[in-house]
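Next comes target.cif, with mmCIF, C-alpha atoms.
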```cif
data_coords
loop_
_atom_site.label_atom_id
_atom_site.label_comp_id
_atom_site.auth_asym_id
_atom_site.auth_seq_id
_atom_site.Cartn_x
_atom_site.Cartn_y
_atom_site.Cartn_z
CA MET A 1005 -24.37 12.93 46.07
CA SER A 1006 -25.04 15.87 48.35
CA LEU A 1007 -28.78 15.12 48.55
CA PRO A 1008 -31.34 12.49 47.51
CA ARG A 1009 -32.86 12.93 44.02
CA GLU A 1010 -35.47 11.23 41.85
CA GLY A 1011 -36.61 12.30 38.40
CA HIS A 1012 -33.12 13.74 37.76
CA THR A 1013 -30.78 13.27 34.80
CA GLU A 1014 -27.27 11.87 34.39
CA THR A 1015 -25.06 12.85 31.44
CA LEU A 1016 -21.58 11.57 30.59
CA LEU A 1017 -19.44 14.57 29.61
CA THR A 1018 -16.57 14.55 27.12
CA ASN A 1019 -14.08 14.93 30.01
CA GLY A 1020 -15.31 11.65 31.51
CA LYS A 1021 -17.18 13.21 34.41
CA VAL A 1022 -20.92 12.69 34.98
CA LEU A 1023 -23.29 15.65 35.32
CA VAL A 1024 -26.38 15.11 37.51
CA THR A 1025 -29.11 17.77 37.29
CA GLY A 1026 -32.28 18.64 39.16
CA GLY A 1027 -34.71 16.09 40.49
CA ASN A 1028 -37.10 15.92 43.39
CA ASN A 1029 -36.16 15.40 47.04
CA HIS A 1030 -39.43 14.53 48.82
CA GLY A 1031 -41.26 17.45 47.19
CA ASP A 1032 -38.27 19.80 47.20
CA TYR A 1033 -37.56 20.34 43.49
CA GLN A 1034 -33.93 21.11 42.73
CA HIS A 1035 -32.04 23.71 40.67
CA SER A 1036 -28.78 22.18 41.77
CA ALA A 1037 -26.30 20.12 39.78
CA GLU A 1038 -23.37 17.91 40.76
CA LEU A 1039 -20.36 16.36 39.03
CA TYR A 1040 -19.04 12.85 39.63
CA ASP A 1041 -15.37 12.21 38.95
CA PRO A 1042 -14.71 8.50 38.25
CA SER A 1043 -10.97 8.97 38.78
CA THR A 1044 -11.48 9.94 42.43
CA GLY A 1045 -14.95 8.58 43.17
CA THR A 1046 -15.99 11.97 44.54
CA TRP A 1047 -18.80 14.45 43.91
CA THR A 1048 -18.52 18.23 43.62
CA THR A 1049 -21.25 20.82 43.21
CA THR A 1050 -21.35 22.92 40.06
CA GLY A 1051 -23.50 25.80 38.84
CA SER A 1052 -27.25 25.62 39.46
CA MET A 1053 -29.92 25.82 36.77
CA LYS A 1054 -32.24 28.83 36.61
CA TYR A 1055 -35.33 26.68 37.24
CA PRO A 1056 -35.92 23.74 39.61
CA ARG A 1057 -37.03 20.78 37.54
CA ALA A 1058 -37.66 17.03 37.56
CA ARG A 1059 -38.74 14.65 34.78
CA HIS A 1060 -36.72 16.78 32.35
CA THR A 1061 -34.18 15.67 29.75
CA ALA A 1062 -30.46 16.30 29.36
CA VAL A 1063 -28.53 15.75 26.11
CA LEU A 1064 -24.82 16.09 25.39
CA LEU A 1065 -24.42 18.22 22.26
CA LYS A 1066 -21.64 17.82 19.71
CA ASN A 1067 -19.99 21.01 21.05
CA GLY A 1068 -19.66 19.42 24.50
CA LYS A 1069 -22.38 21.48 26.16
CA VAL A 1070 -25.46 19.90 27.78
CA LEU A 1071 -28.98 20.88 26.75
CA VAL A 1072 -31.65 20.53 29.47
CA THR A 1073 -35.29 20.80 28.41
CA GLY A 1074 -38.69 20.91 30.07
CA GLY A 1075 -39.62 19.06 33.20
CA GLY A 1076 -41.16 20.92 36.08
CA THR A 1077 -42.35 20.93 39.67
CA LEU A 1078 -45.53 19.79 41.38
CA ILE A 1079 -47.34 22.96 40.29
CA GLU A 1080 -45.73 23.91 36.97
CA VAL A 1081 -44.46 22.30 33.76
CA TYR A 1082 -41.82 24.14 31.73
CA SER A 1083 -41.12 24.86 28.07
CA SER A 1084 -37.79 26.43 29.00
CA ALA A 1085 -34.36 25.10 28.09
CA GLU A 1086 -30.89 25.73 29.50
CA LEU A 1087 -27.31 25.03 28.41
CA TYR A 1088 -24.49 23.86 30.70
CA ASP A 1089 -20.90 24.65 29.74
CA PRO A 1090 -18.50 22.16 31.40
CA SER A 1091 -15.55 24.51 30.79
CA THR A 1092 -17.08 27.17 33.08
CA GLY A 1093 -19.65 25.27 35.16
CA ILE A 1094 -22.21 27.93 34.22
CA TRP A 1095 -25.76 27.62 32.86
CA THR A 1096 -27.28 29.95 30.26
CA THR A 1097 -30.84 30.06 28.97
CA THR A 1098 -31.55 29.20 25.34
CA GLY A 1099 -34.69 29.20 23.22
CA SER A 1100 -37.83 27.74 24.80
CA MET A 1101 -39.76 24.86 23.27
CA HIS A 1102 -43.15 25.53 21.70
CA SER A 1103 -44.89 23.39 24.36
CA GLU A 1104 -44.48 22.80 28.07
CA ARG A 1105 -43.60 19.14 28.53
CA MET A 1106 -42.27 16.65 31.06
CA SER A 1107 -41.63 12.89 30.91
CA HIS A 1108 -40.63 13.44 27.27
CA THR A 1109 -37.51 12.28 25.41
CA ALA A 1110 -34.63 14.12 23.76
CA SER A 1111 -32.34 12.51 21.17
CA LEU A 1112 -29.20 13.86 19.54
CA LEU A 1113 -29.52 13.24 15.80
CA THR A 1114 -26.60 12.57 13.47
CA ASN A 1115 -27.02 16.08 11.99
CA GLY A 1116 -26.37 17.63 15.43
CA LYS A 1117 -29.94 18.72 16.06
CA VAL A 1118 -31.97 17.47 19.04
CA LEU A 1119 -35.33 15.76 18.59
CA VAL A 1120 -37.75 16.19 21.51
CA THR A 1121 -40.80 13.94 21.46
CA ALA A 1122 -44.16 13.88 23.20
CA GLY A 1123 -44.38 13.93 27.00
CA GLY A 1124 -47.10 16.02 28.56
CA THR A 1125 -48.40 17.98 31.51
CA TYR A 1126 -50.34 16.85 34.56
CA VAL A 1127 -53.48 16.93 32.37
CA ASP A 1128 -52.57 15.78 28.85
CA SER A 1129 -50.09 13.65 26.93
CA PHE A 1130 -48.78 14.90 23.57
CA SER A 1131 -47.96 13.44 20.16
CA SER A 1132 -46.02 16.52 19.02
CA ALA A 1133 -42.29 16.74 18.37
CA GLU A 1134 -39.77 19.59 18.08
CA LEU A 1135 -36.22 20.09 16.81
CA TYR A 1136 -33.54 22.18 18.52
CA ASP A 1137 -30.77 23.67 16.41
CA PRO A 1138 -27.66 24.35 18.55
CA SER A 1139 -26.27 26.71 15.90
CA THR A 1140 -29.20 29.13 16.36
CA GLY A 1141 -30.65 28.20 19.76
CA ASN A 1142 -34.08 27.98 18.14
CA TRP A 1143 -36.81 25.33 18.03
CA THR A 1144 -38.92 24.27 15.05
CA THR A 1145 -41.86 21.91 15.02
CA THR A 1146 -41.59 18.67 13.07
CA GLY A 1147 -43.98 15.83 12.28
CA SER A 1148 -46.23 14.54 15.06
CA MET A 1149 -46.49 10.91 16.09
CA LYS A 1150 -49.67 8.91 15.57
CA TYR A 1151 -50.23 8.39 19.30
CA PRO A 1152 -49.83 10.75 22.27
CA ARG A 1153 -47.47 9.31 24.86
CA ALA A 1154 -45.34 10.10 27.90
CA TRP A 1155 -42.90 7.91 29.89
CA HIS A 1156 -41.81 6.37 26.57
CA THR A 1157 -38.33 5.69 25.18
CA ALA A 1158 -36.53 7.04 22.13
CA SER A 1159 -33.55 5.23 20.62
CA LEU A 1160 -31.24 6.46 17.86
CA LEU A 1161 -30.78 3.53 15.48
CA THR A 1162 -27.67 2.84 13.43
CA ASN A 1163 -29.49 4.01 10.28
CA GLY A 1164 -30.06 7.47 11.80
CA GLN A 1165 -33.77 6.99 12.45
CA VAL A 1166 -35.30 7.25 15.94
CA LEU A 1167 -37.41 4.46 17.42
CA VAL A 1168 -40.04 5.57 19.93
CA ALA A 1169 -41.59 2.71 21.90
CA GLY A 1170 -44.34 2.38 24.47
CA GLY A 1171 -45.24 5.03 26.98
CA GLY A 1172 -48.83 6.05 27.45
CA THR A 1173 -51.26 8.30 29.25
CA TYR A 1174 -52.62 8.35 32.79
CA VAL A 1175 -55.32 5.94 31.56
CA ASP A 1176 -53.42 3.24 29.68
CA SER A 1177 -49.99 2.15 28.49
CA LEU A 1178 -49.05 1.58 24.85
CA SER A 1179 -47.44 -1.31 23.01
CA SER A 1180 -47.09 0.69 19.79
CA ALA A 1181 -43.81 1.89 18.29
CA GLU A 1182 -43.04 4.55 15.70
CA LEU A 1183 -40.01 5.52 13.61
CA TYR A 1184 -38.87 9.10 12.92
CA ASP A 1185 -36.93 9.82 9.73
CA PRO A 1186 -34.85 13.01 10.12
CA SER A 1187 -34.49 13.33 6.33
CA THR A 1188 -38.25 13.79 5.89
CA GLY A 1189 -39.49 14.84 9.34
CA ASN A 1190 -42.14 12.13 9.14
CA TRP A 1191 -43.17 9.28 11.42
CA THR A 1192 -44.14 5.75 10.37
CA THR A 1193 -45.53 2.99 12.54
CA THR A 1194 -43.51 -0.17 13.03
CA GLY A 1195 -44.17 -3.45 14.82
CA ASN A 1196 -45.89 -3.38 18.20
CA MET A 1197 -44.23 -4.70 21.33
CA ASP A 1198 -45.63 -7.87 22.85
CA CYS A 1199 -46.51 -5.98 26.03
CA LYS A 1200 -47.92 -2.55 26.85
CA ARG A 1201 -45.40 -0.67 28.96
CA ASP A 1202 -44.26 2.75 30.17
CA THR A 1203 -41.36 3.91 32.40
CA HIS A 1204 -39.28 1.15 30.81
CA THR A 1205 -35.77 1.33 29.34
CA ALA A 1206 -34.52 0.89 25.78
CA SER A 1207 -30.88 0.15 24.95
CA VAL A 1208 -29.29 0.00 21.49
CA LEU A 1209 -27.06 -3.08 21.51
CA THR A 1210 -23.80 -3.50 19.59
CA ASN A 1211 -25.62 -5.63 16.99
CA GLY A 1212 -28.05 -2.77 16.27
CA LYS A 1213 -31.05 -4.35 17.95
CA VAL A 1214 -32.92 -2.55 20.76
CA LEU A 1215 -33.47 -4.20 24.15
CA VAL A 1216 -36.56 -3.01 26.05
CA THR A 1217 -36.90 -3.99 29.71
CA GLY A 1218 -39.41 -3.69 32.54
CA GLY A 1219 -41.64 -0.70 33.17
CA HIS A 1220 -45.27 -0.42 34.19
CA GLY A 1221 -48.12 -2.14 32.32
CA GLY A 1222 -51.78 -1.20 32.12
CA GLY A 1223 -51.43 2.53 32.66
CA HIS A 1224 -48.96 4.75 34.50
CA GLY A 1225 -48.49 3.33 37.97
CA GLY A 1226 -49.87 -0.07 36.93
CA ALA A 1227 -48.29 -3.44 37.63
CA ALA A 1228 -44.50 -3.54 37.43
CA LEU A 1229 -43.04 -5.73 34.67
CA SER A 1230 -40.02 -8.04 34.56
CA SER A 1231 -40.37 -8.93 30.87
CA ALA A 1232 -37.95 -7.93 28.10
CA GLU A 1233 -38.18 -7.67 24.31
CA LEU A 1234 -35.84 -7.16 21.36
CA TYR A 1235 -36.56 -4.94 18.34
CA ASP A 1236 -34.88 -5.78 15.04
CA PRO A 1237 -34.63 -2.71 12.77
CA LEU A 1238 -34.07 -4.94 9.73
CA THR A 1239 -37.49 -6.62 10.08
CA GLY A 1240 -39.41 -4.05 12.14
CA SER A 1241 -40.51 -6.80 14.51
CA TRP A 1242 -40.18 -7.62 18.20
CA THR A 1243 -39.27 -10.91 19.86
CA THR A 1244 -39.47 -11.72 23.54
CA THR A 1245 -36.29 -12.58 25.40
CA ASN A 1246 -35.61 -13.81 28.93
CA SER A 1247 -37.30 -11.87 31.72
CA MET A 1248 -35.37 -10.15 34.49
CA ALA A 1249 -35.29 -11.81 37.90
CA GLN A 1250 -37.30 -8.92 39.35
CA ALA A 1251 -39.97 -6.54 38.06
CA ARG A 1252 -38.62 -3.00 37.69
CA PRO A 1253 -40.19 0.32 36.61
CA ASP A 1254 -38.32 3.65 36.54
CA HIS A 1255 -34.98 1.83 36.43
CA THR A 1256 -31.84 2.28 34.34
CA ALA A 1257 -30.00 0.12 31.82
CA SER A 1258 -26.46 0.49 30.47
CA VAL A 1259 -24.78 -1.20 27.51
CA LEU A 1260 -21.45 -2.66 28.65
CA ARG A 1261 -18.45 -2.51 26.30
#
```
Please go through the file and, once you have read it, give me the structure as structure tokens.
Amino acid sequence: MSLPREGHTETLLTNGKVLVTGGNNHGDYQHSAELYDPSTGTWTTTGSMKYPRARHTAVLLKNGKVLVTGGGTLIEVYSSAELYDPSTGIWTTTGSMHSERMSHTASLLTNGKVLVTAGGTYVDSFSSAELYDPSTGNWTTTGSMKYPRAWHTASLLTNGQVLVAGGGTYVDSLSSAELYDPSTGNWTTTGNMDCKRDTHTASVLTNGKVLVTGGHGGGHGGAALSSAELYDPLTGSWTTTNSMAQARPDHTASVLR
């Protein structure tokens, strides 16, 4: 890439390229975005966002555009959202969320809407959730989770529900997990993980189970974890699986095909 970044996003576009947006370079928060072309192994710059942001989300919509939400800088957290059009390389603003939030999640639902969950500011963590409708560019509130959390994961299950797991506040991490049903807009609790964790990863495997790995335990910035767990949507329960060779928070995980 053209510069170092942390707290950025990576999104696989329909043309096979990867869009990287924003992030933080040693306190220098970025508007910039770059494209990686796997066919050449090269990076090119593309249009910049209106706002510099890190700890935001980026979701590929069904129309091929990318929705970026929230995030912020060291002094400000945003409610704003922007759309990237790969056909032009240009960003446009869209409707703002009802709440400023960073370290949240954004999930594309089967109905084409985007579910944004929780996150927070530098003071509070939230339990609230919102829905973005690409056809109108507007946001509506939906049911809130039982527990406020940031640095959590959200996984779209094969049944169309969304599993939110872990996360926490600046004080403590969570082992709890909750399920969102898009047909009702309601949340229900499901089995707890064996371990409290935030800044972990969650991957939906080809068998429909969810693999959770690593993260921090005991509060944001706590001890790094090497442990891993599997969630079975059919039973709503977790089982431990083999630990990684090394403890890892703020990492990535990819399902190989």
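Nearest residue to A:Met1248 among A:Thr1217, A:Thr1114, A:Gly1223, A:Ser1132 is A:Thr1217, counting only C-alpha atoms.
Closest approach to A:Thr1013 among A:Thr1048, A:Asn1115, A:Thr1061, A:Ser1230 is made by A:Thr1061 (distances from all atoms listed in the file).
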Please write as an MDAnalysis selection string the list of polymer residues whose atoms come within 10 Å of (-41.5, 16.9, 18.4), counting only C-alpha atoms and keeping to the coordinates of the file.
chainID A and resid 1101:1103 1108:1110 1118:1123 1130:1136 1143:1149 1184 1189
Atoms to include: C-alpha atoms. Write the selected residues as a JSON list (two decimals), keeping the file's coordinate frame.
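result-v3.json was written with the following content:
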```
[["chain", "number", "residue", "atom", "x", "y", "z"],
["A", 1101, "MET", "CA", -39.76, 24.86, 23.27],
["A", 1102, "HIS", "CA", -43.15, 25.53, 21.70],
["A", 1103, "SER", "CA", -44.89, 23.39, 24.36],
["A", 1108, "HIS", "CA", -40.63, 13.44, 27.27],
["A", 1109, "THR", "CA", -37.51, 12.28, 25.41],
["A", 1110, "ALA", "CA", -34.63, 14.12, 23.76],
["A", 1118, "VAL", "CA", -31.97, 17.47, 19.04],
["A", 1119, "LEU", "CA", -35.33, 15.76, 18.59],
["A", 1120, "VAL", "CA", -37.75, 16.19, 21.51],
["A", 1121, "THR", "CA", -40.80, 13.94, 21.46],
["A", 1122, "ALA", "CA", -44.16, 13.88, 23.20],
["A", 1123, "GLY", "CA", -44.38, 13.93, 27.00],
["A", 1130, "PHE", "CA", -48.78, 14.90, 23.57],
["A", 1131, "SER", "CA", -47.96, 13.44, 20.16],
["A", 1132, "SER", "CA", -46.02, 16.52, 19.02],
["A", 1133, "ALA", "CA", -42.29, 16.74, 18.37],
["A", 1134, "GLU", "CA", -39.77, 19.59, 18.08],
["A", 1135, "LEU", "CA", -36.22, 20.09, 16.81],
["A", 1136, "TYR", "CA", -33.54, 22.18, 18.52],
["A", 1143, "TRP", "CA", -36.81, 25.33, 18.03],
["A", 1144, "THR", "CA", -38.92, 24.27, 15.05],
["A", 1145, "THR", "CA", -41.86, 21.91, 15.02],
["A", 1146, "THR", "CA", -41.59, 18.67, 13.07],
["A", 1147, "GLY", "CA", -43.98, 15.83, 12.28],
["A", 1148, "SER", "CA", -46.23, 14.54, 15.06],
["A", 1149, "MET", "CA", -46.49, 10.91, 16.09],
["A", 1184, "TYR", "CA", -38.87, 9.10, 12.92],
["A", 1189, "GLY", "CA", -39.49, 14.84, 9.34]]
```
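Atom to atom, atom CA of A:Ala1037 and atom CA of A:Ser1111 stand 21.0 Å apart.
In this comparison, which uses only C-alpha atoms, the residue of A:Glu1182, A:Asp1254, A:Glu1080, A:Asp1089 approaching A:Asn1019 most closely is A:Asp1089.
Of the listed residues A:Thr1092, A:Thr1192, A:His1030, A:His1035, the one whose atoms come nearest to A:Lys1150 is A:Thr1192, with distances taken using all atoms listed in the file.
Once the PyMOL selection byres ((chain A and resi 1170-1179) around 6) is applied to the shown structure, the selection contains Ser1129, Arg1153, Ala1154, Trp1155, His1156, Ala1169, Ser1180, Asn1196, Met1197, Cys1199, Lys1200, Arg1201, Asp1202, Gly1222, Gly1223 and His1224 of chain A.
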Axis-aligned box for stretch 1125-1144 of chain A, 8 Å per side, centre and edges in Å as JSON:
```
{"center_x": -39.9, "center_y": 21.3, "center_z": 24.8, "size_x": 43.2, "size_y": 31.7, "size_z": 35.5}
```
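For the atom pair formed by atom CA of A:Ser1247 and atom CA of A:Ala1232, the distance is 5.4 Å, given to one decimal.
Nearest to A:Leu1234 of all the residues A:Thr1205, A:Gln1250, A:Thr1096, A:Thr1256 is A:Thr1205, counting only C-alpha atoms.
The space between atom CA of A:Ala1227 and atom CA of A:Val1208 spans 25.2 Å.
Among the candidates A:Asp1128, A:Glu1014, A:Asp1185, A:Glu1038, the one nearest to A:Gly1164 when counting all atoms listed in the file is A:Asp1185.
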Please work out which residues fall within 10 Å of (-40.6, -10.7, 22.9), coordinates as given in the file, with only C-alpha atoms counting, and return them as a PyMOL selection string.
chain A and resi 1197-1199+1215-1216+1231-1235+1241-1247
For stretch 1051-1059 of chain A, find every residue with an atom within 7 Å (counting all atoms listed in the file), except residues of its own chain fewer than 3 positions away, and show them as JSON, numbers by chain.
{"A": [1011, 1012, 1026, 1027, 1028, 1033, 1034, 1035, 1036, 1037, 1075, 1076, 1077, 1093, 1094, 1095, 1106, 1107]}
Please produce an output containing C-alpha atoms for each residue in the selection, written as an mmCIF file, keeping the file's coordinate frame.
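File part-v3.cif, as written:
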```cif
data_model
loop_
_atom_site.group_PDB
_atom_site.id
_atom_site.type_symbol
_atom_site.label_atom_id
_atom_site.label_comp_id
_atom_site.auth_asym_id
_atom_site.auth_seq_id
_atom_site.Cartn_x
_atom_site.Cartn_y
_atom_site.Cartn_z
ATOM 1 C CA GLY A 1011 -36.610 12.300 38.400
ATOM 2 C CA HIS A 1012 -33.120 13.740 37.760
ATOM 3 C CA GLY A 1026 -32.280 18.640 39.160
ATOM 4 C CA GLY A 1027 -34.710 16.090 40.490
ATOM 5 C CA ASN A 1028 -37.100 15.920 43.390
ATOM 6 C CA TYR A 1033 -37.560 20.340 43.490
ATOM 7 C CA GLN A 1034 -33.930 21.110 42.730
ATOM 8 C CA HIS A 1035 -32.040 23.710 40.670
ATOM 9 C CA SER A 1036 -28.780 22.180 41.770
ATOM 10 C CA ALA A 1037 -26.300 20.120 39.780
ATOM 11 C CA GLY A 1075 -39.620 19.060 33.200
ATOM 12 C CA GLY A 1076 -41.160 20.920 36.080
ATOM 13 C CA THR A 1077 -42.350 20.930 39.670
ATOM 14 C CA GLY A 1093 -19.650 25.270 35.160
ATOM 15 C CA ILE A 1094 -22.210 27.930 34.220
ATOM 16 C CA TRP A 1095 -25.760 27.620 32.860
ATOM 17 C CA MET A 1106 -42.270 16.650 31.060
ATOM 18 C CA SER A 1107 -41.630 12.890 30.910
#
```
Explicit residues for the PyMOL selection byres ((chain A and resi 1138) around 12) (as JSON, numbers by chain)
{"A": [1063, 1064, 1065, 1066, 1067, 1068, 1069, 1070, 1071, 1085, 1086, 1087, 1098, 1099, 1112, 1113, 1115, 1116, 1117, 1118, 1119, 1135, 1136, 1137, 1139, 1140, 1141, 1142, 1143, 1144]}
Run through the PyMOL selection byres ((chain A and resi 1043) around 12) on the given coordinates and return the selected residues as a VMD selection string.
chain A and resid 1019 to 1022 1039 to 1042 1044 to 1047
